[in-house]
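> Got a structure for you, work_39.cif, holding mmCIF, N, CA and C atoms.
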data_final
#
loop_
_atom_site.label_atom_id
_atom_site.label_comp_id
_atom_site.auth_asym_id
_atom_site.auth_seq_id
_atom_site.Cartn_x
_atom_site.Cartn_y
_atom_site.Cartn_z
N MET A 1 31.26 -14.07 -5.17
CA MET A 1 31.37 -12.66 -4.86
C MET A 1 30.07 -12.19 -4.21
N ILE A 2 30.17 -11.56 -3.08
CA ILE A 2 29.01 -11.04 -2.36
C ILE A 2 28.83 -9.58 -2.74
N MET A 3 27.60 -9.27 -3.11
CA MET A 3 27.29 -7.88 -3.48
C MET A 3 26.55 -7.22 -2.33
N ASP A 4 26.96 -6.02 -2.02
CA ASP A 4 26.24 -5.25 -1.01
C ASP A 4 25.02 -4.63 -1.68
N LEU A 5 23.90 -4.69 -0.98
CA LEU A 5 22.68 -4.07 -1.48
C LEU A 5 22.47 -2.73 -0.79
N MET A 6 22.02 -1.79 -1.55
CA MET A 6 21.74 -0.48 -1.01
C MET A 6 20.25 -0.21 -1.15
N LYS A 7 19.64 0.23 -0.09
CA LYS A 7 18.24 0.58 -0.12
C LYS A 7 18.12 2.01 -0.63
N ILE A 8 17.28 2.19 -1.62
CA ILE A 8 17.04 3.52 -2.16
C ILE A 8 15.62 3.92 -1.77
N ILE A 9 15.49 5.06 -1.17
CA ILE A 9 14.20 5.54 -0.71
C ILE A 9 13.71 6.61 -1.67
N ILE A 10 12.51 6.41 -2.19
CA ILE A 10 11.90 7.38 -3.09
C ILE A 10 10.69 7.96 -2.38
N GLU A 11 10.67 9.25 -2.22
CA GLU A 11 9.52 9.90 -1.61
C GLU A 11 8.65 10.52 -2.68
N VAL A 12 7.38 10.16 -2.65
CA VAL A 12 6.42 10.70 -3.59
C VAL A 12 5.19 11.08 -2.79
N GLU A 13 4.70 12.28 -3.00
CA GLU A 13 3.51 12.72 -2.28
C GLU A 13 2.29 12.62 -3.19
N PHE A 14 1.28 11.95 -2.68
CA PHE A 14 0.00 11.81 -3.39
C PHE A 14 -1.11 12.12 -2.42
N THR A 15 -2.16 12.70 -2.91
CA THR A 15 -3.36 12.86 -2.10
C THR A 15 -4.44 11.97 -2.69
N GLY A 16 -5.33 11.54 -1.85
CA GLY A 16 -6.47 10.76 -2.31
C GLY A 16 -6.29 9.25 -2.21
N ILE A 17 -5.09 8.79 -1.89
CA ILE A 17 -4.91 7.34 -1.78
C ILE A 17 -5.69 6.80 -0.58
N GLY A 18 -5.69 7.54 0.51
CA GLY A 18 -6.45 7.12 1.69
C GLY A 18 -7.93 7.02 1.38
N THR A 19 -8.45 8.00 0.66
CA THR A 19 -9.86 7.99 0.27
C THR A 19 -10.16 6.81 -0.63
N ALA A 20 -9.27 6.52 -1.56
CA ALA A 20 -9.45 5.38 -2.46
C ALA A 20 -9.44 4.07 -1.68
N LEU A 21 -8.55 3.95 -0.70
CA LEU A 21 -8.52 2.75 0.15
C LEU A 21 -9.83 2.60 0.92
N LYS A 22 -10.31 3.69 1.48
CA LYS A 22 -11.54 3.64 2.25
C LYS A 22 -12.73 3.23 1.38
N LYS A 23 -12.84 3.82 0.20
CA LYS A 23 -13.93 3.47 -0.71
C LYS A 23 -13.87 2.00 -1.10
N ALA A 24 -12.66 1.51 -1.39
CA ALA A 24 -12.50 0.10 -1.77
C ALA A 24 -12.85 -0.81 -0.59
N ARG A 25 -12.42 -0.43 0.61
CA ARG A 25 -12.74 -1.24 1.79
C ARG A 25 -14.23 -1.29 2.04
N GLU A 26 -14.88 -0.13 1.96
CA GLU A 26 -16.32 -0.08 2.18
C GLU A 26 -17.07 -0.84 1.09
N ALA A 27 -16.62 -0.73 -0.16
CA ALA A 27 -17.26 -1.47 -1.26
C ALA A 27 -17.12 -2.97 -1.06
N ALA A 28 -16.02 -3.39 -0.43
CA ALA A 28 -15.80 -4.81 -0.16
C ALA A 28 -16.55 -5.27 1.10
N GLY A 29 -17.18 -4.32 1.80
CA GLY A 29 -17.92 -4.65 3.01
C GLY A 29 -17.05 -5.06 4.17
N MET A 30 -15.85 -4.52 4.23
CA MET A 30 -14.90 -4.89 5.29
C MET A 30 -14.85 -3.82 6.37
N SER A 31 -14.70 -4.29 7.59
CA SER A 31 -14.42 -3.37 8.69
C SER A 31 -12.94 -3.03 8.65
N LEU A 32 -12.56 -2.02 9.41
CA LEU A 32 -11.14 -1.67 9.52
C LEU A 32 -10.34 -2.84 10.10
N THR A 33 -10.91 -3.54 11.05
CA THR A 33 -10.23 -4.67 11.67
C THR A 33 -9.96 -5.78 10.67
N VAL A 34 -10.96 -6.12 9.87
CA VAL A 34 -10.79 -7.19 8.88
C VAL A 34 -9.79 -6.77 7.82
N ALA A 35 -9.91 -5.54 7.31
CA ALA A 35 -8.97 -5.06 6.31
C ALA A 35 -7.55 -5.06 6.86
N GLY A 36 -7.41 -4.61 8.10
CA GLY A 36 -6.10 -4.62 8.73
C GLY A 36 -5.54 -6.03 8.87
N ASP A 37 -6.40 -6.96 9.26
CA ASP A 37 -5.96 -8.36 9.37
C ASP A 37 -5.45 -8.88 8.03
N TYR A 38 -6.21 -8.64 6.97
CA TYR A 38 -5.80 -9.09 5.63
C TYR A 38 -4.49 -8.43 5.19
N ALA A 39 -4.28 -7.20 5.64
CA ALA A 39 -3.07 -6.46 5.26
C ALA A 39 -1.90 -6.71 6.21
N GLY A 40 -2.14 -7.46 7.27
CA GLY A 40 -1.07 -7.75 8.22
C GLY A 40 -0.75 -6.59 9.13
N MET A 41 -1.77 -5.81 9.49
CA MET A 41 -1.57 -4.67 10.38
C MET A 41 -2.82 -4.52 11.24
N SER A 42 -2.77 -3.63 12.18
CA SER A 42 -3.94 -3.39 13.03
C SER A 42 -4.98 -2.56 12.26
N GLY A 43 -6.21 -2.65 12.72
CA GLY A 43 -7.26 -1.81 12.15
C GLY A 43 -6.95 -0.33 12.37
N ALA A 44 -6.32 -0.02 13.50
CA ALA A 44 -5.95 1.37 13.79
C ALA A 44 -4.92 1.88 12.78
N ASN A 45 -3.95 1.03 12.43
CA ASN A 45 -2.97 1.43 11.42
C ASN A 45 -3.64 1.62 10.07
N PHE A 46 -4.54 0.71 9.71
CA PHE A 46 -5.25 0.84 8.45
C PHE A 46 -6.03 2.15 8.42
N ASN A 47 -6.64 2.49 9.53
CA ASN A 47 -7.40 3.73 9.65
C ASN A 47 -6.50 4.96 9.46
N ARG A 48 -5.30 4.92 10.03
CA ARG A 48 -4.36 6.05 9.87
C ARG A 48 -3.99 6.23 8.40
N ILE A 49 -3.81 5.11 7.69
CA ILE A 49 -3.49 5.21 6.27
C ILE A 49 -4.68 5.77 5.50
N GLU A 50 -5.88 5.28 5.78
CA GLU A 50 -7.08 5.80 5.12
C GLU A 50 -7.24 7.30 5.33
N ASN A 51 -6.97 7.75 6.54
CA ASN A 51 -7.14 9.17 6.88
C ASN A 51 -5.93 10.00 6.52
N GLU A 52 -4.92 9.34 5.93
CA GLU A 52 -3.67 10.01 5.58
C GLU A 52 -3.12 10.76 6.79
N ASP A 53 -3.26 10.10 7.94
CA ASP A 53 -2.80 10.65 9.22
C ASP A 53 -1.49 9.99 9.62
N THR A 54 -0.52 10.04 8.71
CA THR A 54 0.78 9.44 8.93
C THR A 54 1.81 10.24 8.14
N LYS A 55 3.03 10.27 8.61
CA LYS A 55 4.07 11.02 7.90
C LYS A 55 4.45 10.35 6.59
N GLY A 56 4.29 9.05 6.54
CA GLY A 56 4.63 8.31 5.33
C GLY A 56 4.25 6.87 5.49
N VAL A 57 4.12 6.20 4.36
CA VAL A 57 3.76 4.78 4.35
C VAL A 57 4.75 4.06 3.46
N PRO A 58 5.44 3.05 4.00
CA PRO A 58 6.32 2.27 3.13
C PRO A 58 5.52 1.65 1.99
N LEU A 59 6.12 1.58 0.82
CA LEU A 59 5.42 1.07 -0.35
C LEU A 59 4.90 -0.34 -0.13
N ASP A 60 5.67 -1.21 0.52
CA ASP A 60 5.19 -2.57 0.74
C ASP A 60 3.95 -2.59 1.63
N THR A 61 3.87 -1.68 2.59
CA THR A 61 2.69 -1.57 3.45
C THR A 61 1.49 -1.09 2.64
N LEU A 62 1.70 -0.11 1.78
CA LEU A 62 0.62 0.39 0.94
C LEU A 62 0.12 -0.69 -0.02
N ILE A 63 1.04 -1.48 -0.57
CA ILE A 63 0.66 -2.57 -1.46
C ILE A 63 -0.19 -3.60 -0.71
N ARG A 64 0.23 -3.95 0.50
CA ARG A 64 -0.55 -4.92 1.30
C ARG A 64 -1.94 -4.38 1.60
N ALA A 65 -2.03 -3.10 1.95
CA ALA A 65 -3.33 -2.49 2.26
C ALA A 65 -4.22 -2.48 1.02
N ALA A 66 -3.66 -2.09 -0.11
CA ALA A 66 -4.44 -2.04 -1.35
C ALA A 66 -4.91 -3.43 -1.76
N ASN A 67 -4.03 -4.41 -1.68
CA ASN A 67 -4.41 -5.78 -2.04
C ASN A 67 -5.49 -6.32 -1.10
N ALA A 68 -5.43 -5.94 0.17
CA ALA A 68 -6.41 -6.43 1.14
C ALA A 68 -7.83 -6.02 0.77
N VAL A 69 -7.98 -4.85 0.16
CA VAL A 69 -9.32 -4.35 -0.16
C VAL A 69 -9.62 -4.36 -1.66
N GLY A 70 -8.70 -4.91 -2.43
CA GLY A 70 -8.92 -5.03 -3.88
C GLY A 70 -8.71 -3.74 -4.66
N LEU A 71 -7.88 -2.85 -4.14
CA LEU A 71 -7.60 -1.58 -4.82
C LEU A 71 -6.39 -1.75 -5.75
N ASP A 72 -6.54 -1.37 -6.99
CA ASP A 72 -5.45 -1.42 -7.96
C ASP A 72 -4.63 -0.14 -7.84
N LEU A 73 -3.42 -0.26 -7.31
CA LEU A 73 -2.59 0.93 -7.11
C LEU A 73 -2.22 1.62 -8.42
N LYS A 74 -2.20 0.88 -9.51
CA LYS A 74 -1.89 1.52 -10.80
C LYS A 74 -2.94 2.58 -11.12
N GLU A 75 -4.18 2.38 -10.69
CA GLU A 75 -5.23 3.36 -10.94
C GLU A 75 -5.02 4.62 -10.11
N CYS A 76 -4.44 4.47 -8.92
CA CYS A 76 -4.20 5.63 -8.04
C CYS A 76 -2.88 6.32 -8.32
N LEU A 77 -1.85 5.52 -8.57
CA LEU A 77 -0.50 6.06 -8.67
C LEU A 77 0.00 6.17 -10.09
N GLY A 78 -0.58 5.42 -10.99
CA GLY A 78 -0.13 5.42 -12.38
C GLY A 78 0.68 4.17 -12.69
N GLU A 79 0.89 3.96 -13.96
CA GLU A 79 1.59 2.76 -14.43
C GLU A 79 3.04 2.70 -13.98
N TRP A 80 3.68 3.84 -13.71
CA TRP A 80 5.09 3.86 -13.33
C TRP A 80 5.39 2.98 -12.14
N ILE A 81 4.40 2.83 -11.24
CA ILE A 81 4.63 2.10 -10.00
C ILE A 81 5.05 0.65 -10.26
N GLN A 82 4.57 0.06 -11.34
CA GLN A 82 4.90 -1.34 -11.61
C GLN A 82 6.29 -1.50 -12.21
N HIS A 83 6.95 -0.41 -12.54
CA HIS A 83 8.27 -0.50 -13.15
C HIS A 83 9.42 -0.28 -12.16
N ILE A 84 9.09 -0.13 -10.89
CA ILE A 84 10.13 0.01 -9.87
C ILE A 84 10.69 -1.38 -9.59
N PRO A 85 12.00 -1.55 -9.69
CA PRO A 85 12.60 -2.86 -9.43
C PRO A 85 12.23 -3.39 -8.05
N GLY A 86 11.82 -4.63 -8.00
CA GLY A 86 11.49 -5.27 -6.73
C GLY A 86 10.06 -5.07 -6.28
N VAL A 87 9.28 -4.28 -7.00
CA VAL A 87 7.90 -4.04 -6.62
C VAL A 87 6.99 -5.07 -7.28
N ASN A 88 6.23 -5.76 -6.44
CA ASN A 88 5.28 -6.75 -6.92
C ASN A 88 3.90 -6.33 -6.43
N LEU A 89 3.11 -5.76 -7.31
CA LEU A 89 1.79 -5.25 -6.93
C LEU A 89 0.78 -6.34 -6.68
N THR A 90 1.07 -7.56 -7.09
CA THR A 90 0.09 -8.64 -6.94
C THR A 90 0.41 -9.59 -5.80
N GLU A 91 1.41 -9.26 -4.98
CA GLU A 91 1.75 -10.11 -3.86
C GLU A 91 0.57 -10.23 -2.93
N SER A 92 0.29 -11.45 -2.52
CA SER A 92 -0.82 -11.69 -1.60
C SER A 92 -0.53 -11.06 -0.25
N SER A 93 -1.55 -10.46 0.33
CA SER A 93 -1.36 -9.80 1.62
C SER A 93 -1.64 -10.73 2.79
N ASN A 94 -2.31 -11.86 2.54
CA ASN A 94 -2.68 -12.72 3.66
C ASN A 94 -2.07 -14.11 3.57
N GLY A 95 -0.96 -14.22 2.83
CA GLY A 95 -0.24 -15.48 2.80
C GLY A 95 -0.76 -16.49 1.81
N ASP A 96 -1.74 -16.12 0.99
CA ASP A 96 -2.28 -17.06 0.00
C ASP A 96 -1.41 -17.13 -1.25
#
What would the structure in this file look like if it were written as structure tokens?

Amino acid sequence: MIMDLMKIIIEVEFTGIGTALKKAREAAGMSLTVAGDYAGMSGANFNRIENEDTKGVPLDTLIRAANAVGLDLKECLGEWIQHIPGVNLTESSNGD
């Protein structure tokens, strides 16, 4: 039996995640380009997320960005984030 999967989109607004990403990136001594590479995106995209200059960020993209700079999203978003089905906060961002 084949089951159809339905994507459920949850919108949550937070402020300060971009600032937390930037602080973590700077503490790690990474440029935007390097952080973007580790996260699988351009440095310009990473910069837009840091500056919260985007309409929204898919959760998987945010997880990759946070992992790239060593930011624990549970500290920014709260423990609830780890209880969303299918969310893996420890997934490697650079294929390791």
> Can you translate the PyMOL selection byres ((chain A and resi 64-77) around 6) into the concrete residues it hits in this file, as a PyMOL selection string?
chain A and resi 24-25+35+38-39+59-63+78-81+93
> Can you tell me, as a VMD selection string, what residues are no more than 6 Å from stretch 18-21 of chain A when counting all atoms listed in the file, ignoring any on the same chain fewer than 3 positions away?
chain A and resid 15 24 to 26 49 to 52
> Any idea what the distance is between atom C of A:Ile9 and atom C of A:Asn88?
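Value for the atom C of A:Ile9-atom C of A:Asn88 distance: 16.9 Å.
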> Work out how far apart atom C of A:Gly29 and atom N of A:Phe14 are and give it in Å to one decimal.
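Distance between the two atoms: 25.9 Å.
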> Could you pull out the helix (DSSP H, G or I) residues of chain A from DSSP and send them as a ChimeraX atom specification?
/A:17-27,32-39,43-50,59-69,73-77,79-83
> Interatomic distance between atom CA of A:Leu32 and atom CA of A:Thr90?
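Distance between the two atoms: 21.1 Å.
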